[in-house]
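Only one structure is covered here, and it is reproduced in the block below.
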Amino acid sequence: MPDFRLYNTMTRSAEAFAPQDGRTVRMYTCGPTVYNPAHLGNFRTFLFEDLLRRTLRLAGWNVLQVMNITDVDDKIILRADKAALTIKEVTEPVTATFQKDREFLRIEPAEVYPKATEHIGEMIALVQQLLDKGLAYQAEDGSVYFAIARFPSYGRLSRLDTRTIRPGARVIADDYNKEDVRDFALWKAAKPEDERTHAAWDSPWGRGRPGWHLECSAMAKRYLGDTLDIHGGGVDLIFPHHEDEIAQSEGASGVTFSRFWCHGEFLLTDGEKMAKRIGNVMNVADLRESGIGAAALRHFVFSVRYRQQLNLTEDALEASQRAVRRVGEFAARLSTATRGTAGLADAADTLERDAKAALFDDLNAPQAVAALFDFIRRANAELDQASGTDLSGLERARAAFATVNGVLDIVPDAPAIDSQLESWIATQLSNREQARARRDFTTADGIRRELEARGIAIEDTPLGTKWKKVR
């Protein structure tokens, strides 16, 4: 097996990777903040993490993935308060939508989906540890802050000079309770809107709620221990979120928080990062309404390496739809074939070797996809000339195809056909056959065009006319 290499943001280099215990990869990935449905930019990150977990298993390891659900933060509280709701009433429907969208995109479920609101006890305990070690302090209003100046290694992940750091995301800039403007909140003293929306809990420092960064540190430690194998997320989380997680976690434990840090790049629309504030957001519901399936989006996302920005365009999605249609046609042909060749087995061996080499090289999905299409081209040529009963070559081809597609998962779902449409197609094909029999090719061609307009492709074969729904 080729070496498994991953790019580590901490070292800015691709390094050989194996789980610390040699068996199970303990991986924490930052999940959605459930105040709005996740958009395709978010799902690009989740798809890269899905590719990672599937590839880790391809390498022979088990995976224990924890993905948090952030169900208490400033945006959630603001939305709940404006609507006179509790935070739970805001977050539960959005969490359900996330899981539905995840399933549609064929993203494998994480082993654990902890909710922040269900782990307040662990968060309070972590804050207390940091206070006991002198790395945190309580302000006059009851809030507790992490003192960046007391943690000398702060800034290693993001490569930021701590002298130039401005207040991080979700931290109030003009809060004069803090000793240092750079310090970030571990525990926020409750405000009236927190109480109104049920976003406040008792603590040794009075009523309050956890800071955003604290949540992930506490939940990662709860399910994966003090040191993770991999921590993943989007590049926008490197600073301040992941930098602050390191400070909290390592400040409390005294050991390395994560051995590898893996970050996926942005999905762009018209060259701009997809973001709600810009208004260029597309979500999974929009995708489904456009008739774009999971296989096409997965192919589109895997057409570029995860550490490169990817621009979402209509042309690119249409190209991916055409590509996965070809994959689906081949999958159907391979499953029903009855004859194979020795060349088919050779093509299968090449596919498996090349795809694994690509995926184990820092998840080079575009190269793995290219290997799959090379195999499809070679395999189709072998099937065209198959005349013997070499079932071993056929079975080898099926196994290799299943192995690689088991990671990429880009075979499209068969289009649904309702009985009324099926009956109409049968009638049209019968009419076309009669027109051809009387050499009325104008009528026959007109029927073909009418079928194509309804998304039905036809093919005349020695065994009769075959049809399939292509959109």
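Within each chain, counting starts at residue 1; across the structure tokens, chains are named A, B, ... in the order shown, with ligands numbered 1 upward in that order.
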Sel. of alpha helix (DSSP H) residues, stretch 239-460 of chain A, as a ChimeraX atom specification: /A:243-253,284-289,294-301,314-336,342-359,365-385,391-408,419-437,441-453
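Scanning stretch 154-262 of chain A with DSSP on the backbone, the strand (DSSP E) assignments fall on A:Phe184, A:Ala185, A:Leu186, A:Trp187, A:Lys188, A:Ala189, A:Gly208, A:Arg209, A:Pro210, A:Leu228, A:Asp229, A:Ile230, A:His231, A:Gly232, A:Gly233, A:Gly234, A:Ser258, A:Arg259, A:Phe260, A:Trp261, A:Cys262.
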Who sits within 12 Å of A:Leu78, only C-alpha atoms, same chain under 6 positions skipped, as a PyMOL selection string: chain A and resi 35+72+84-87+90+191-194+196-197+199
Name the closest residue to A:Arg209 among the candidates A:Ser253, A:Gln129, A:Gln20, A:Thr117; distances are taken between atoms, counting only C-alpha atoms. A:Thr117
Applying 10 Å and only C-alpha atoms, which residues near stretch 334-341 of chain A remain after dropping the ones on its own chain fewer than 4 positions away? List them as JSON, numbers by chain. {"A": [328, 329, 330, 345, 346, 376, 379, 380, 382, 383, 384, 385, 386, 387, 388, 389, 390, 391, 392, 393, 394, 395, 396, 397, 398, 401]}
Set the distance at 7 Å and use only C-alpha atoms: which residues neighbour A:Ala190 once local chain neighbours fewer than 5 positions away are removed? I'd like the list as an MDAnalysis selection string. chainID A and resid 195 200 207:209
My list of candidates is A:His231, A:Lys356, A:Arg378, A:Arg448. Which is closest to A:Leu56 when distances are computed with only C-alpha atoms?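 Checking each candidate against A:Leu56, we get A:Lys356 as the closest.
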